[in-house]
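Enquirer: I'd like to ask some things about the structure below.
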Number of protein chains: 2
Amino acid sequence: MMTDVKQALALTRAVRGCFNRLKAVADSLHLEHGVTGGMRAVMEALDEGGEQTVPAIARSKRVTRQHIQVLVNDLLEAGLVDTRPNPADQRSPLISLTRKGRDLFARMRQKEKPVVADLARALDAHDVATAVVVLQRLNDHLDARLRKRIGDGS
Amino acid sequence: MMTDVKQALALTRAVRGCFNRLKAVADSLHLEHGVTGGMRAVMEALDEGGEQTVPAIARSKRVTRQHIQVLVNDLLEAGLVDTRPNPADQRSPLISLTRKGRDLFARMRQKEKPVVADLARALDAHDVATAVVVLQRLNDHLDARLRKRIGDGS
DNA sequence: GCCAGAATGACAACCTTATTGTCAATATGT
DNA sequence: ACATATTGACAATAAGGTTGTCATTCTGGC
């Protein structure tokens with residue numbers, strides 16, 4: 001059955017609201033580590049995707065490589081990530097989490113755990129699964145539109 | 001049935017991803033009107049909530065009144081909103097959309113319509129309804145946590 | 001009514017996140 | 001080999017938002 005426009009709008013509003021609150025909660029949890037939201041997001045990309053180049057991280061997050069470069073430089077200075085020569089491209093080393101970086105990321109995850117578990121307790125598993133599928137479909141759809149737009153422009 | 005932690009994390013990731021894509025699509029739609037995202041958000045608040053004071057808008061959006069004040073001043077200059085003396089508080093006039101503001105907002109909505117309708121076509125109504133409920137529950141839960149945190153701090 | 005304390009508009013300084021532009025060096029396809 | 005694209009580095013800029021301050025108005029207890 002097809003969704004009506006009103007419902008689709010309600011979904012987008014709910015997503016926007018959730019995002020802001022999630023950000024506020026995450027910020028309140030990670031204040032003390034000296035790691036900014038951007039740095040944390042890069043660490044997450046490395047934790048999930050393994051070692052990657054700066055431009056690869058930028059593309060996956062749809063931001064400029066210059067922005068990611070700055071964040072990675074900050075992480076390097078903090079000793080949370082390390083570089084390894086890239087056999088495939090000598091300009092662009094592979095970035096990976098150091099032991100220290102992995103440990104810190106694990107500690108941050110650990111800190112999130114009770115909060116997320118608290119959320120989990122309040123929500124029905126089947127409904128959450130449905131919501132995740134809906135949001136992923138929405139993501140794919142939006143991606144297609146964004147690609148088309150970019151395609152139009154060039 | 002209770003959701004597990006992994007699923008709850010997947011939900012938060014999906015929300016973050018959706019938000020970014022929604023923002024990108026919305027930006028691409030509203031570039032030409034000379035209305036920034038912030039201004040548009042204030043217009044939305046006024047369209048949905050009727051005339052309000054600046055601090056009231058700020059509170060509903062969890063940002064500082066100073067920030068909203070700047071946006072409202074921009075909107076005033078653009079002739080998109082107007083002020084009316086507030087019988088309840090002489091310092092803080094009531095802000096409302098002008099005819100021009102309402103028309104522009106309607107035009108922007110109209111422009112969104114085919115996009116949202118396209119989304120609606122790709123999604124199942126029942127699933128979307130479930131997703132909206134889940135996200136609203138999530139919102140409430142996060143709100144409770146944020147209030148508690150603020151309560152702790154003071 | 002009076003007075004302390006809170007809320008408000010106005011203005012300024014600043015921070016964070018992210019973009020665009022540029023340059024020199026390295027890669028890549030033909 | 002050569003044109004074109006990609007990359008790291010650096011700088012300038014922009015948007016969105018915060019904090020701080022001042023004078024004014026509002027509110028609640030007395």
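Residues in the structure tokens are numbered from 1 in each chain, the chains being A, B, ... in the order shown, and ligands are numbered from 1 in the order shown.
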Mind checking DSSP for stretch 1-131 of chain A and telling me the strand (DSSP E) residues as a PyMOL selection string?
Expert: chain A and resi 81-84+94-97
Enquirer: For chain D, work out the contacting residues on chain A at 9 Å, counting only C-alpha atoms (C1' of nucleotides), and write them as a PyMOL selection string.
Expert: chain A and resi 55+66+69+91-92
Enquirer: Residues as selected, C-alpha atoms, written as a CSV table (one decimal), in the first residue's frame, can you do that?
Expert:
chain,number,residue,atom,x,y,z
A,55,PRO,CA,39.4,10.9,0.2
A,66,GLN,CA,39.8,18.8,2.9
A,69,GLN,CA,42.0,15.8,6.1
A,91,ARG,CA,50.2,10.3,-2.3
A,92,SER,CA,47.5,9.0,-0.1
Enquirer: Just to confirm, what's the straight-line distance from atom CA of B:Gln52 to atom CA of B:Arg65 in Å (one decimal)?
Expert: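 Between atom CA of B:Gln52 and atom CA of B:Arg65 the gap is 12.4 Å.
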Enquirer: Show me, as a ChimeraX atom specification, the residues that have an atom within 12 Å of A:Asp124 when counting only C-alpha atoms (C1' of nucleotides), minus same-chain residues fewer than 4 positions from it.
Expert: /A:119-120,128-131 /B:1-5,7-8,130-131,133-135,137-138
Enquirer: Check every residue of chain C for an atom within 10 Å of chain B, counting only C-alpha atoms (C1' of nucleotides), and provide those that qualify as a list in words.
Expert: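 Those within range of chain B come out as DA7, DT8, DG9 and DA10 of chain C.
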Enquirer: Take the residues just selected and output them with C-alpha atoms (C1' of nucleotides) as a CSV table (one decimal), in the first residue's frame.
Expert:
chain,number,residue,atom,x,y,z
C,7,DA,C1',13.0,37.3,30.7
C,8,DT,C1',13.7,40.1,26.6
C,9,DG,C1',15.8,42.7,22.4
C,10,DA,C1',20.0,44.3,20.7
Enquirer: Give me the residues near A:Ala78 as a list in words, where near means some atom within 12 Å (using only C-alpha atoms (C1' of nucleotides)) and where sequence neighbours in that chain fewer than 6 positions away do not count.
Expert: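 Here the answer would be His33, Gly34, Val35, Thr36, Met39, Leu71, Val72, Leu97, Thr98, Lys100, Gly101 and Leu104 of chain A.
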Enquirer: Can those selected residues be exported to a file as a compact mmCIF listing (two decimals), in the first residue's frame so that it contains C-alpha atoms?
Expert:
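Wrote it out as out36.txt, contents follow:
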# COMPACT_ATOMS: atom_id res chain seq x y z
CA HIS A 33 37.36 12.89 25.83
CA GLY A 34 38.70 15.85 23.88
CA VAL A 35 37.27 14.27 20.77
CA THR A 36 34.95 16.39 18.64
CA MET A 39 36.78 13.27 14.94
CA LEU A 71 40.04 15.88 11.24
CA VAL A 72 42.52 13.11 10.43
CA LEU A 97 43.01 3.47 14.32
CA THR A 98 45.96 3.01 16.67
CA LYS A 100 44.95 3.95 21.71
CA GLY A 101 42.31 5.01 19.20
CA LEU A 104 39.14 5.10 23.26
Enquirer: DSSP on the backbone, helix (DSSP H, G or I) only: what residues of stretch 27-109 of chain A does that give? Format it as a count of residues only.
Expert: 52
Enquirer: If we count only C-alpha atoms (C1' of nucleotides), what is near B:Thr53 at a cut-off of 8 Å, once residues fewer than 4 positions away on the same chain are taken out, given as a ChimeraX atom specification?
Expert: /B:57,92-95
Enquirer: Considering only C-alpha atoms (C1' of nucleotides), return as an mmCIF file with N, CA and C atoms, in the first residue's frame whatever protein or nucleic-acid residues lie within 12 Å of B:Gln110, sequence-local ones (same chain, fewer than 6 positions apart) excluded.
Expert:
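out_10.cif, freshly written:
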data_model
loop_
_atom_site.group_PDB
_atom_site.id
_atom_site.type_symbol
_atom_site.label_atom_id
_atom_site.label_comp_id
_atom_site.auth_asym_id
_atom_site.auth_seq_id
_atom_site.Cartn_x
_atom_site.Cartn_y
_atom_site.Cartn_z
ATOM 1 N N VAL A 5 1.280 11.600 1.177
ATOM 2 C CA VAL A 5 2.292 12.652 1.306
ATOM 3 C C VAL A 5 2.412 13.131 2.747
ATOM 4 N N LEU B 29 16.679 21.923 -3.233
ATOM 5 C CA LEU B 29 15.372 22.419 -3.683
ATOM 6 C C LEU B 29 15.187 23.913 -3.430
ATOM 7 N N HIS B 30 15.787 24.401 -2.331
ATOM 8 C CA HIS B 30 15.440 25.754 -1.896
ATOM 9 C C HIS B 30 16.536 26.773 -2.100
ATOM 10 N N ASP B 103 2.950 32.912 1.200
ATOM 11 C CA ASP B 103 2.992 32.514 -0.209
ATOM 12 C C ASP B 103 4.300 31.815 -0.548
ATOM 13 N N LEU B 104 5.404 32.399 -0.073
ATOM 14 C CA LEU B 104 6.709 31.804 -0.380
ATOM 15 C C LEU B 104 6.818 30.421 0.241
ATOM 16 N N VAL B 116 8.443 14.442 -2.237
ATOM 17 C CA VAL B 116 7.876 13.667 -1.140
ATOM 18 C C VAL B 116 6.923 12.608 -1.680
ATOM 19 N N ALA B 117 6.158 12.978 -2.707
ATOM 20 C CA ALA B 117 5.226 12.012 -3.297
ATOM 21 C C ALA B 117 5.993 10.831 -3.870
#
Enquirer: Find the residue from A:Glu112, A:Asp27, A:Asp127, A:Glu77 that sits nearest to chain B; use only C-alpha atoms when measuring.
Expert: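 Closest candidate: A:Asp127.
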Enquirer: Find the distance between atom CA of B:Ala56 and atom CA of B:Arg16 and write it in Å to one decimal.
Expert: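 Going from atom CA of B:Ala56 over to atom CA of B:Arg16, I get 26.7 Å.
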